[in-house]
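For reference, model_33.cif (mmCIF, C-alpha atoms):
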data_work
#
loop_
_atom_site.label_atom_id
_atom_site.label_comp_id
_atom_site.auth_asym_id
_atom_site.auth_seq_id
_atom_site.Cartn_x
_atom_site.Cartn_y
_atom_site.Cartn_z
CA MET U 1 -161.29 -315.50 26.14
CA PRO U 2 -161.48 -312.90 28.90
CA ALA U 3 -158.33 -310.87 29.54
CA GLN U 4 -156.28 -312.13 32.42
CA ILE U 5 -155.79 -309.64 35.25
CA LEU U 6 -152.36 -309.89 36.76
CA PRO U 7 -151.95 -309.01 40.45
CA LEU U 8 -149.98 -305.86 41.25
CA PRO U 9 -146.62 -306.45 42.88
CA ILE U 10 -146.66 -305.81 46.60
CA THR U 11 -144.05 -303.31 47.75
CA THR U 12 -143.03 -303.40 51.36
CA LEU U 13 -142.25 -299.92 52.69
CA GLN U 14 -139.35 -299.81 55.07
CA PRO U 15 -139.74 -297.40 57.99
CA GLN U 16 -137.38 -294.43 57.68
CA GLN U 17 -135.61 -292.74 60.50
CA PRO U 18 -136.77 -289.15 61.05
CA VAL U 19 -134.29 -286.57 59.84
CA GLU U 20 -133.47 -283.97 62.46
CA PRO U 21 -133.25 -280.42 61.14
CA LYS U 22 -129.83 -278.89 61.21
CA ARG U 23 -129.40 -276.67 64.19
CA GLN U 24 -127.63 -273.39 63.77
CA ALA U 25 -125.06 -272.62 66.36
CA GLN U 26 -126.42 -270.02 68.75
CA ARG U 27 -124.16 -267.09 69.48
CA GLY U 28 -123.98 -266.10 73.09
CA PRO U 29 -124.50 -262.51 74.22
CA THR U 30 -121.68 -260.02 74.01
CA TYR U 31 -121.01 -258.01 77.14
CA THR U 32 -119.59 -254.50 77.18
CA THR U 33 -118.09 -252.84 80.23
CA ALA U 34 -117.95 -249.06 80.53
CA GLN U 35 -116.11 -247.73 83.55
CA GLY U 36 -115.66 -244.09 84.50
CA ASP U 37 -112.16 -242.79 85.14
CA LYS U 38 -113.07 -241.95 88.76
CA PHE U 39 -114.78 -245.25 89.56
CA GLU U 40 -113.57 -247.12 92.65
CA ALA U 41 -115.02 -250.49 93.62
CA GLY U 42 -116.54 -250.51 97.09
CA ARG U 43 -116.67 -246.73 97.45
CA ASN U 44 -119.41 -245.52 99.79
CA PHE U 45 -122.36 -244.28 97.74
CA ALA U 46 -122.85 -241.21 99.93
CA GLU U 47 -119.24 -240.26 99.14
CA VAL U 48 -120.02 -240.55 95.42
CA ALA U 49 -122.82 -238.00 95.81
CA LYS U 50 -120.47 -235.70 97.74
CA LEU U 51 -117.83 -235.93 95.00
CA VAL U 52 -120.43 -235.25 92.29
CA ARG U 53 -121.51 -232.07 94.10
CA ALA U 54 -117.87 -230.95 94.32
CA ASP U 55 -117.30 -231.63 90.60
CA ILE U 56 -120.40 -229.63 89.67
CA LYS U 57 -119.14 -226.70 91.75
CA ALA U 58 -115.75 -226.92 90.01
CA ALA U 59 -117.38 -227.06 86.57
CA ILE U 60 -119.36 -223.90 87.35
CA ALA U 61 -116.21 -222.11 88.52
CA ALA U 62 -114.40 -223.15 85.32
CA GLY U 63 -117.21 -221.89 83.10
CA HIS U 64 -118.28 -225.31 81.84
CA LEU U 65 -121.64 -224.79 83.55
CA PRO U 66 -123.46 -221.45 83.97
CA LYS U 67 -122.87 -219.47 87.15
CA GLY U 68 -125.95 -219.35 89.34
CA MET U 69 -127.10 -222.85 88.42
CA VAL U 70 -128.43 -224.79 91.40
CA CYS U 71 -128.53 -228.60 91.54
CA SER U 72 -130.03 -231.10 93.93
CA VAL U 73 -128.08 -234.36 94.28
CA ARG U 74 -129.62 -237.14 96.33
CA ILE U 75 -129.20 -240.89 96.54
CA ASP U 76 -131.62 -243.74 97.04
CA ARG U 77 -130.91 -247.32 98.11
CA PHE U 78 -133.25 -250.26 97.47
CA SER U 79 -133.16 -254.05 97.53
CA MET U 80 -131.88 -254.48 93.96
CA GLY U 81 -129.40 -251.61 93.87
CA GLN U 82 -129.03 -247.88 94.32
CA SER U 83 -129.68 -244.73 92.31
CA LEU U 84 -128.47 -241.14 92.08
CA HIS U 85 -130.96 -238.39 91.26
CA LEU U 86 -129.60 -235.08 89.96
CA SER U 87 -132.12 -232.30 89.42
CA VAL U 88 -131.33 -228.80 88.14
CA THR U 89 -133.67 -226.63 90.20
CA ALA U 90 -132.49 -223.19 89.05
CA CYS U 91 -130.60 -222.02 85.98
CA PRO U 92 -129.94 -218.48 84.71
CA ILE U 93 -130.01 -219.51 81.04
CA MET U 94 -132.91 -220.62 78.86
CA VAL U 95 -132.77 -224.42 78.93
CA VAL U 96 -136.05 -225.10 77.13
CA ASN U 97 -136.30 -224.85 73.35
CA PRO U 98 -138.70 -221.99 72.48
CA ALA U 99 -139.61 -223.63 69.16
CA TYR U 100 -140.54 -226.84 70.99
CA VAL U 101 -142.63 -224.97 73.57
CA ARG U 102 -144.58 -223.08 70.92
CA TRP U 103 -145.09 -226.18 68.78
CA GLN U 104 -146.44 -228.09 71.78
CA ARG U 105 -148.87 -225.25 72.47
CA ASP U 106 -150.10 -225.10 68.87
CA ASN U 107 -150.19 -228.88 68.30
CA PRO U 108 -151.24 -230.50 71.59
CA HIS U 109 -152.41 -233.75 69.97
CA ALA U 110 -149.81 -234.18 67.22
CA CYS U 111 -146.88 -236.59 67.12
CA MET U 112 -143.38 -235.22 67.51
CA SER U 113 -142.44 -236.76 64.15
CA GLU U 114 -144.69 -234.12 62.54
CA ALA U 115 -142.81 -231.22 64.12
CA LEU U 116 -140.31 -229.10 62.25
CA PRO U 117 -136.68 -230.13 62.84
CA ASP U 118 -135.92 -227.15 65.10
CA ALA U 119 -138.87 -228.04 67.36
CA ARG U 120 -138.07 -231.70 67.99
CA ASP U 121 -135.61 -231.18 70.85
CA ARG U 122 -137.25 -230.00 74.04
CA PHE U 123 -134.01 -228.37 75.21
CA SER U 124 -132.04 -225.45 73.81
CA PRO U 125 -128.44 -226.16 72.68
CA GLU U 126 -127.22 -224.63 75.94
CA GLY U 127 -129.68 -226.72 77.94
CA ARG U 128 -128.54 -229.86 76.13
CA HIS U 129 -124.93 -228.95 76.94
CA VAL U 130 -125.81 -228.68 80.64
CA ILE U 131 -127.42 -232.14 80.66
CA ASP U 132 -124.51 -233.69 78.76
CA THR U 133 -121.95 -232.10 81.10
CA LEU U 134 -123.78 -233.26 84.22
CA THR U 135 -124.11 -236.76 82.76
CA GLY U 136 -120.36 -236.88 82.15
CA ILE U 137 -119.67 -235.79 85.74
CA VAL U 138 -121.92 -238.49 87.19
CA GLU U 139 -120.86 -241.31 84.86
CA ALA U 140 -117.20 -240.74 85.77
CA TYR U 141 -118.01 -242.56 89.05
CA ASN U 142 -120.13 -245.32 87.51
CA ARG U 143 -119.49 -248.75 86.04
CA ARG U 144 -121.89 -250.37 83.58
CA VAL U 145 -121.95 -253.90 82.19
CA THR U 146 -124.44 -254.27 79.35
CA SER U 147 -125.37 -257.00 76.88
CA ASP U 148 -126.18 -256.70 73.17
CA GLN U 149 -129.38 -258.64 73.94
CA PRO U 150 -131.87 -256.29 75.66
CA ASP U 151 -133.53 -259.02 77.73
CA ASP U 152 -130.23 -260.38 79.01
CA TYR U 153 -128.16 -259.62 82.08
CA SER U 154 -126.95 -256.10 82.76
CA ASN U 155 -125.39 -254.49 85.78
CA VAL U 156 -124.53 -250.99 86.97
CA SER U 157 -122.88 -249.61 90.07
CA PHE U 158 -125.83 -247.24 90.38
CA TYR U 159 -128.75 -246.04 88.28
CA THR U 160 -129.01 -242.38 87.33
CA ASN U 161 -131.72 -239.80 86.73
CA ILE U 162 -130.45 -236.43 85.47
CA ALA U 163 -132.99 -233.79 84.48
CA PHE U 164 -134.19 -230.21 84.76
CA ALA U 165 -136.75 -229.83 87.52
CA LEU U 166 -140.37 -229.68 86.36
CA ASP U 167 -140.91 -226.30 88.05
CA LEU U 168 -137.94 -224.84 86.17
CA ARG U 169 -139.15 -226.13 82.80
CA GLU U 170 -142.69 -224.91 83.39
CA GLU U 171 -141.51 -221.47 84.51
CA GLN U 172 -139.32 -221.04 81.44
CA SER U 173 -142.05 -222.36 79.14
CA MET U 174 -144.45 -219.75 80.51
CA THR U 175 -141.81 -217.08 79.87
CA VAL U 176 -141.44 -218.24 76.26
CA LEU U 177 -145.18 -218.05 75.65
CA ALA U 178 -145.48 -214.66 77.34
CA LEU U 179 -142.70 -212.91 75.43
CA GLN U 180 -143.29 -211.64 71.90
CA SER U 181 -139.68 -211.09 70.91
CA GLU U 182 -137.40 -214.10 70.49
CA VAL U 183 -134.36 -211.83 70.82
CA SER U 184 -134.95 -211.61 74.57
CA LEU U 185 -134.82 -215.41 74.79
CA ARG U 186 -131.33 -215.76 73.39
CA ASN U 187 -128.73 -217.07 75.80
CA SER U 188 -125.71 -214.89 76.42
CA TRP U 189 -123.83 -217.66 78.23
CA LYS U 190 -121.71 -220.12 76.27
CA PRO U 191 -119.61 -223.00 77.64
CA ALA U 192 -115.94 -222.26 78.20
CA GLY U 193 -114.07 -222.72 74.93
CA ALA U 194 -117.12 -222.32 72.70
CA ASN U 195 -116.58 -219.94 69.80
CA SER U 196 -119.95 -219.98 68.08
CA ALA U 197 -122.54 -217.33 68.86
CA ALA U 198 -125.47 -218.30 71.05
CA HIS U 199 -128.61 -219.26 69.23
CA LEU U 200 -132.00 -220.73 69.98
#
Could you express the structure from this file as structure tokens?
Amino acid sequence: MPAQILPLPITTLQPQQPVEPKRQAQRGPTYTTAQGDKFEAGRNFAEVAKLVRADIKAAIAAGHLPKGMVCSVRIDRFSMGQSLHLSVTACPIMVVNPAYVRWQRDNPHACMSEALPDARDRFSPEGRHVIDTLTGIVEAYNRRVTSDQPDDYSNVSFYTNIAFALDLREEQSMTVLALQSEVSLRNSWKPAGANSAAHL
């Protein structure tokens, strides 16, 4: 007698509701406000530039900046804000880093990460002090609101550009390359209150 084939039981599949993935709570951006101690809301921007010039003059007189240094301070207004440009056009001290200048000459196509540690800063310690001091003077009149997310909202009272003039840097760089003795490049000026000896 042939074997009897029993039919397979029919299982009815019940439709299942889709399971939504768990959503992680998104943290909103964190805002940080930095306000200079001389900031005043609504102050005329031309007055800010005038006050910055006066503070630079006072810093030179007090020895915090080298005597004989000349700065250009100008302002610019545009549709989305305003900016202050501070350029050091003359300075009696060596503001460029001789090691950086020579390394750039000898390695014109290399990356800065390949340079020796003493050649990675384009400015001398005294030059870096000048930039930091000028930045502090300018930022005393500024107010910045920044976010921890780079593509998010940020706001400033004014944008800044603080630098040594190109002509000054090129002139000093040519001096570095022309001189054979590094002793003649050492800065005799030190900021008021500094005890360490000047060095390159």
Quick one: contact table of range 128-187 of chain U to range 78-98 of chain U, 7 Å max, nearest atom pair and distance in Å to one decimal per residue, counting all atoms listed in the file, chain and number order, as CSV?
residue,atom,partner,partner_atom,distance
U:Phe158,CA,U:Ser83,CA,5.0
U:Tyr159,CA,U:Ser83,CA,4.3
U:Thr160,CA,U:Leu84,CA,4.9
U:Asn161,CA,U:His85,CA,4.8
U:Ile162,CA,U:Leu86,CA,4.8
U:Ala163,CA,U:Ser87,CA,5.2
U:Phe164,CA,U:Val88,CA,4.6
U:Ala165,CA,U:Thr89,CA,5.2
U:Leu168,CA,U:Thr89,CA,6.1
U:Arg169,CA,U:Val96,CA,6.5
U:Gln172,CA,U:Val96,CA,6.8
U:Ser173,CA,U:Val96,CA,6.9
U:Val176,CA,U:Pro98,CA,6.0
U:Leu185,CA,U:Met94,CA,6.9
U:Asn187,CA,U:Ile93,CA,5.9
- Message: Please compute the CA of Lys50 in chain U-CA of Thr133 in chain U distance, one decimal, in Å.
- Response: 17.1 Å
- For CA of Trp103 in chain U and CA of His129 in chain U, the interatomic separation in Å (one decimal):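 Computed distance, CA of Trp103 in chain U to CA of His129 in chain U, equals 21.9 Å.
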- Just how far from CA of Met69 in chain U is CA of Arg43 in chain U, in Å to one decimal? 27.6 Å
- Task: Kindly indicate which residue among U:Ala140, U:Val130, U:Leu179, U:Leu65 lies nearest to Val48 in chain U, using only C-alpha atoms for the distances.
- Result: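 Using only C-alpha atoms, the shortest distance to Val48 in chain U belongs to U:Ala140.
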- Tell me which of U:Ala110, U:Thr146, U:Asp167, U:Met174 sits closest to Pro29 in chain U, counting only C-alpha atoms.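 For Pro29 in chain U, the nearest of the given residues is U:Thr146.
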- Message: Which residue is closest to Pro66 in chain U? Choose from U:Gly36, U:Pro108, U:Pro191, U:Gly42 and count only C-alpha atoms.
- Response: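 Checking each candidate against Pro66 in chain U, we get U:Pro191 as the closest.
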Could you write out as lines of an AutoDock Vina configuration file the box around range 85-101 of chain U (axis-aligned, all atoms listed in the file, 8 Å on each side), with centre and edge lengths in Å to one decimal?
center_x = -136.1
center_y = -228.4
center_z = 80.2
size_x = 29.0
size_y = 35.9
size_z = 38.1
- Task: For Gln104 in chain U, work out the shell of residues within 10 Å, counting only C-alpha atoms and skipping chain neighbours fewer than 4 positions away, then give it as a list in words.
- Result: Pro98, Ala99, Tyr100, Pro108, His109, Ala110, Cys111, Met112, Ala115, Ala119, Arg120 and Arg122 of chain U
